[in-house]
Every structure is written in structure tokens, then in C-alpha cells.
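Structure below is input-v9.txt: compact mmCIF, N, CA and C atoms.
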# COMPACT_ATOMS: atom_id res chain seq x y z
N MET I 244 -64.05 9.69 2.35
CA MET I 244 -65.39 9.61 1.82
C MET I 244 -66.39 9.77 2.96
N CYS I 245 -67.31 10.69 2.81
CA CYS I 245 -68.35 10.92 3.81
C CYS I 245 -69.52 10.00 3.51
N ARG I 246 -70.07 9.47 4.56
CA ARG I 246 -71.25 8.64 4.36
C ARG I 246 -72.21 8.86 5.50
N ARG I 247 -73.46 8.77 5.19
CA ARG I 247 -74.49 8.89 6.21
C ARG I 247 -74.60 7.57 6.95
N MET I 248 -74.50 7.62 8.25
CA MET I 248 -74.55 6.42 9.05
C MET I 248 -75.87 6.35 9.79
N SER I 249 -76.54 5.21 9.69
CA SER I 249 -77.81 5.04 10.38
C SER I 249 -77.58 4.46 11.78
N VAL I 250 -76.42 3.88 12.01
CA VAL I 250 -76.11 3.33 13.32
C VAL I 250 -75.29 4.33 14.10
N LYS I 251 -75.24 4.14 15.39
CA LYS I 251 -74.47 5.05 16.24
C LYS I 251 -72.99 4.95 15.91
N TRP I 252 -72.34 6.08 15.78
CA TRP I 252 -70.92 6.07 15.45
C TRP I 252 -70.07 5.60 16.62
N GLU I 253 -70.63 5.59 17.83
CA GLU I 253 -69.89 5.15 19.00
C GLU I 253 -69.51 3.67 18.92
N ARG I 254 -70.18 2.92 18.04
CA ARG I 254 -69.87 1.49 17.92
C ARG I 254 -68.44 1.26 17.47
N TYR I 255 -67.84 2.26 16.84
CA TYR I 255 -66.45 2.12 16.39
C TYR I 255 -65.49 2.01 17.57
N LEU I 256 -65.88 2.54 18.72
CA LEU I 256 -65.00 2.51 19.89
C LEU I 256 -64.74 1.08 20.36
N GLU I 257 -65.64 0.18 20.08
CA GLU I 257 -65.50 -1.21 20.50
C GLU I 257 -64.74 -2.07 19.48
N ASP I 258 -64.44 -1.51 18.34
CA ASP I 258 -63.75 -2.26 17.29
C ASP I 258 -62.29 -2.45 17.69
N PRO I 259 -61.74 -3.65 17.44
CA PRO I 259 -60.33 -3.88 17.79
C PRO I 259 -59.36 -2.97 17.04
N LEU I 260 -59.79 -2.40 15.92
CA LEU I 260 -58.92 -1.50 15.16
C LEU I 260 -59.03 -0.03 15.60
N TRP I 261 -59.87 0.26 16.61
CA TRP I 261 -60.03 1.64 17.08
C TRP I 261 -58.68 2.27 17.44
N PRO I 262 -57.82 1.62 18.23
CA PRO I 262 -56.54 2.24 18.57
C PRO I 262 -55.68 2.57 17.34
N VAL I 263 -55.77 1.74 16.31
CA VAL I 263 -55.02 2.00 15.08
C VAL I 263 -55.56 3.24 14.40
N LEU I 264 -56.89 3.36 14.32
CA LEU I 264 -57.49 4.54 13.72
C LEU I 264 -57.08 5.80 14.46
N VAL I 265 -57.11 5.76 15.79
CA VAL I 265 -56.72 6.92 16.59
C VAL I 265 -55.27 7.30 16.30
N GLU I 266 -54.39 6.32 16.25
CA GLU I 266 -52.97 6.59 15.98
C GLU I 266 -52.79 7.22 14.60
N VAL I 267 -53.48 6.70 13.60
CA VAL I 267 -53.37 7.24 12.24
C VAL I 267 -53.90 8.67 12.19
N VAL I 268 -55.06 8.90 12.80
CA VAL I 268 -55.65 10.25 12.78
C VAL I 268 -54.73 11.25 13.47
N ARG I 269 -54.17 10.87 14.59
CA ARG I 269 -53.28 11.78 15.32
C ARG I 269 -52.00 12.10 14.55
N SER I 270 -51.67 11.27 13.59
CA SER I 270 -50.46 11.52 12.79
C SER I 270 -50.73 12.43 11.59
N LEU I 271 -52.00 12.73 11.33
CA LEU I 271 -52.33 13.60 10.20
C LEU I 271 -51.84 15.03 10.47
N THR I 272 -51.32 15.65 9.47
CA THR I 272 -50.74 17.00 9.60
C THR I 272 -51.73 18.01 10.16
N MET I 273 -52.96 17.98 9.69
CA MET I 273 -53.94 18.99 10.09
C MET I 273 -54.78 18.59 11.30
N TYR I 274 -54.50 17.44 11.91
CA TYR I 274 -55.31 16.93 13.03
C TYR I 274 -55.48 17.96 14.15
N LYS I 275 -54.39 18.50 14.66
CA LYS I 275 -54.51 19.40 15.81
C LYS I 275 -55.25 20.69 15.45
N PHE I 276 -55.11 21.14 14.22
CA PHE I 276 -55.81 22.35 13.79
C PHE I 276 -57.30 22.08 13.61
N HIS I 277 -57.63 20.92 13.02
CA HIS I 277 -59.04 20.53 12.88
C HIS I 277 -59.68 20.37 14.25
N LYS I 278 -58.97 19.71 15.17
CA LYS I 278 -59.52 19.48 16.51
C LYS I 278 -59.80 20.81 17.22
N ARG I 279 -58.86 21.73 17.13
CA ARG I 279 -59.04 23.03 17.79
C ARG I 279 -60.22 23.80 17.18
N TYR I 280 -60.33 23.80 15.85
CA TYR I 280 -61.42 24.50 15.18
C TYR I 280 -62.77 23.88 15.52
N ILE I 281 -62.82 22.57 15.52
CA ILE I 281 -64.07 21.88 15.85
C ILE I 281 -64.47 22.21 17.29
N SER I 282 -63.50 22.15 18.20
CA SER I 282 -63.78 22.41 19.61
C SER I 282 -64.18 23.86 19.87
N ASN I 283 -63.45 24.80 19.29
CA ASN I 283 -63.67 26.21 19.58
C ASN I 283 -64.79 26.86 18.77
N VAL I 284 -65.08 26.34 17.60
CA VAL I 284 -66.05 26.99 16.72
C VAL I 284 -67.27 26.11 16.45
N LEU I 285 -67.05 24.99 15.81
CA LEU I 285 -68.18 24.20 15.32
C LEU I 285 -69.05 23.62 16.44
N LEU I 286 -68.44 23.13 17.51
CA LEU I 286 -69.25 22.57 18.59
C LEU I 286 -70.00 23.65 19.37
N ASN I 287 -69.49 24.87 19.35
CA ASN I 287 -70.23 25.97 19.98
C ASN I 287 -71.44 26.36 19.14
N GLU I 288 -71.30 26.26 17.82
CA GLU I 288 -72.42 26.56 16.92
C GLU I 288 -73.43 25.42 16.88
N SER I 289 -72.93 24.19 16.85
CA SER I 289 -73.79 23.00 16.70
C SER I 289 -73.30 21.91 17.64
N PRO I 290 -73.72 21.94 18.90
CA PRO I 290 -73.22 20.96 19.88
C PRO I 290 -73.52 19.50 19.53
N ASP I 291 -74.57 19.27 18.76
CA ASP I 291 -74.96 17.90 18.41
C ASP I 291 -74.49 17.49 17.02
N ILE I 292 -73.46 18.13 16.52
CA ILE I 292 -72.96 17.82 15.18
C ILE I 292 -72.50 16.36 15.11
N THR I 293 -72.70 15.74 13.98
CA THR I 293 -72.33 14.34 13.80
C THR I 293 -71.02 14.24 13.01
N PRO I 294 -70.38 13.08 13.07
CA PRO I 294 -69.17 12.91 12.25
C PRO I 294 -69.45 13.11 10.76
N SER I 295 -70.60 12.67 10.30
CA SER I 295 -70.94 12.86 8.87
C SER I 295 -71.04 14.34 8.52
N ASP I 296 -71.63 15.13 9.42
CA ASP I 296 -71.73 16.57 9.19
C ASP I 296 -70.35 17.22 9.16
N LEU I 297 -69.49 16.81 10.09
CA LEU I 297 -68.12 17.34 10.11
C LEU I 297 -67.38 16.98 8.84
N CYS I 298 -67.54 15.76 8.44
CA CYS I 298 -66.89 15.26 7.23
C CYS I 298 -67.27 16.12 6.03
N THR I 299 -68.53 16.44 5.93
CA THR I 299 -69.02 17.25 4.81
C THR I 299 -68.57 18.70 4.93
N ARG I 300 -68.70 19.28 6.11
CA ARG I 300 -68.37 20.70 6.28
C ARG I 300 -66.89 20.99 6.12
N LEU I 301 -66.05 20.11 6.67
CA LEU I 301 -64.61 20.38 6.65
C LEU I 301 -63.87 19.60 5.57
N ARG I 302 -64.58 18.70 4.90
CA ARG I 302 -63.96 17.85 3.88
C ARG I 302 -62.78 17.06 4.46
N ILE I 303 -63.07 16.44 5.62
CA ILE I 303 -62.07 15.59 6.27
C ILE I 303 -62.57 14.15 6.21
N PRO I 304 -61.68 13.19 6.41
CA PRO I 304 -62.10 11.80 6.41
C PRO I 304 -63.08 11.50 7.56
N PHE I 305 -63.98 10.57 7.31
CA PHE I 305 -64.97 10.20 8.33
C PHE I 305 -64.27 9.72 9.60
N GLY I 306 -63.22 8.92 9.47
CA GLY I 306 -62.50 8.41 10.63
C GLY I 306 -61.91 9.53 11.48
N GLU I 307 -61.39 10.57 10.83
CA GLU I 307 -60.85 11.71 11.56
C GLU I 307 -61.96 12.42 12.33
N ALA I 308 -63.10 12.57 11.71
CA ALA I 308 -64.23 13.22 12.38
C ALA I 308 -64.69 12.43 13.61
N VAL I 309 -64.75 11.12 13.48
CA VAL I 309 -65.17 10.26 14.61
C VAL I 309 -64.18 10.38 15.76
N VAL I 310 -62.90 10.28 15.46
CA VAL I 310 -61.88 10.35 16.51
C VAL I 310 -61.90 11.70 17.20
N ILE I 311 -61.95 12.78 16.42
CA ILE I 311 -61.92 14.12 17.01
C ILE I 311 -63.15 14.36 17.88
N LEU I 312 -64.33 14.01 17.40
CA LEU I 312 -65.53 14.20 18.22
C LEU I 312 -65.46 13.38 19.49
N HIS I 313 -65.01 12.15 19.39
CA HIS I 313 -64.90 11.31 20.59
C HIS I 313 -63.93 11.94 21.59
N GLU I 314 -62.78 12.39 21.13
CA GLU I 314 -61.79 12.99 22.03
C GLU I 314 -62.33 14.25 22.70
N ILE I 315 -62.91 15.14 21.91
CA ILE I 315 -63.40 16.40 22.47
C ILE I 315 -64.52 16.15 23.48
N ARG I 316 -65.47 15.31 23.11
CA ARG I 316 -66.59 15.04 24.02
C ARG I 316 -66.14 14.32 25.28
N SER I 317 -65.17 13.43 25.17
CA SER I 317 -64.62 12.75 26.35
C SER I 317 -63.90 13.75 27.26
N GLU I 318 -63.13 14.66 26.65
CA GLU I 318 -62.41 15.67 27.43
C GLU I 318 -63.39 16.59 28.15
N ARG I 319 -64.43 17.00 27.46
CA ARG I 319 -65.42 17.90 28.06
C ARG I 319 -66.18 17.19 29.18
N LYS I 320 -66.51 15.94 28.97
CA LYS I 320 -67.21 15.17 30.00
C LYS I 320 -66.34 15.02 31.23
N ALA I 321 -65.06 14.71 31.04
CA ALA I 321 -64.14 14.54 32.16
C ALA I 321 -63.94 15.84 32.93
N SER I 322 -63.95 16.95 32.22
CA SER I 322 -63.73 18.24 32.90
C SER I 322 -64.96 18.72 33.64
N THR I 323 -66.14 18.18 33.33
CA THR I 323 -67.36 18.61 34.03
C THR I 323 -67.78 17.65 35.12
N GLU I 324 -67.18 16.45 35.17
CA GLU I 324 -67.51 15.49 36.22
C GLU I 324 -66.83 15.91 37.51
N PRO I 325 -67.53 15.75 38.64
CA PRO I 325 -66.92 16.11 39.92
C PRO I 325 -65.79 15.15 40.25
N SER I 326 -64.79 15.67 40.91
CA SER I 326 -63.64 14.88 41.29
C SER I 326 -64.02 13.87 42.37
N THR I 327 -63.48 12.66 42.27
CA THR I 327 -63.76 11.63 43.28
C THR I 327 -62.64 11.53 44.29
N ASN I 328 -61.74 12.50 44.27
CA ASN I 328 -60.60 12.49 45.19
C ASN I 328 -60.88 13.32 46.43
N ASN I 329 -62.09 13.33 46.92
CA ASN I 329 -62.42 14.08 48.13
C ASN I 329 -61.81 13.40 49.33
N LYS I 330 -61.11 14.17 50.14
CA LYS I 330 -60.45 13.60 51.33
C LYS I 330 -61.11 14.07 52.58
Using C-alpha cells, write down the structure that the file contains.
Amino acid sequence: MCRRMSVKWERYLEDPLWPVLVEVVRSLTMYKFHKRYISNVLLNESPDITPSDLCTRLRIPFGEAVVILHEIRSERKASTEPSTNNK
């Protein structure tokens, strides 16, 4: 079920059930395909897309949208940060 959220979706990261949600989402059959499509297509078209928008556009569960966006944005942030292993 898609719902419009007035609060920041990042608040879910602090919930004690966050790891359970991530595990469940990663077990979904279409997870890796949705993640690749969101990363390669949708985020290039709309970099500021919200989980609610993803939920509506792809007809995926809200929890899956939150997990996928968090993972992709974390991966992109990590790949653009300078390495701290300078010797």
C-alpha cells in the first residue's frame, strides 16, 4: 500500500525493525531487478524521487521502495566520498 508520508522516510532507519525489513525486502523475487531499474533509469530521470513516488510508479510495497532508495543513495554517497586511507 502506497501512502503519502509527511515525515522524513529516513526515520525508519532508526527503528529496531529496520534490519528485519531489509532482510525481507532482499528476499523478494523482483528486488534485484527493481533496484537495478531504479538505479539505472528512475534516479537518472528524477534524482529526488521519494519512496511514495516509487511505490506508485512501480507498484511495489512502500517498504521495498524505502530500502532500495536507502541502499542506492548510500552506495552512491560512499562511492563519491574521498578515501581516508591516504598513506
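You will find atom CA of Arg300 of chain I at 24.4 Å from atom CA of Lys320 of chain I.
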DSSP alpha helix (DSSP H) selection over chain I, as a VMD selection string: chain I and resid 261 to 269 274 to 280 286 to 288 294 to 301 305 to 323
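When atom N of Ile303 of chain I is paired with atom CA of Pro262 of chain I, their separation reads 20.3 Å.
Distances here use only C-alpha atoms; by that measure, the residue among I:Phe305, I:Leu264, I:Thr299, I:Ile311 closest to Leu286 of chain I is I:Ile311.
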Residues within 8 Å of segment 272-284 of chain I, only N, CA and C atoms, excluding chain neighbours under 2 positions, as a PyMOL selection string: chain I and resi 267-270+286-289+307+311-312+315
With 3 Å on each side, where is the centre of the axis-aligned box around all listed atoms of segment 297-312 of chain I, and how long are its edges in Å to one decimal, as JSON?
{"center_x": -65.2, "center_y": 14.7, "center_z": 11.7, "size_x": 14.6, "size_y": 18.6, "size_z": 21.6}
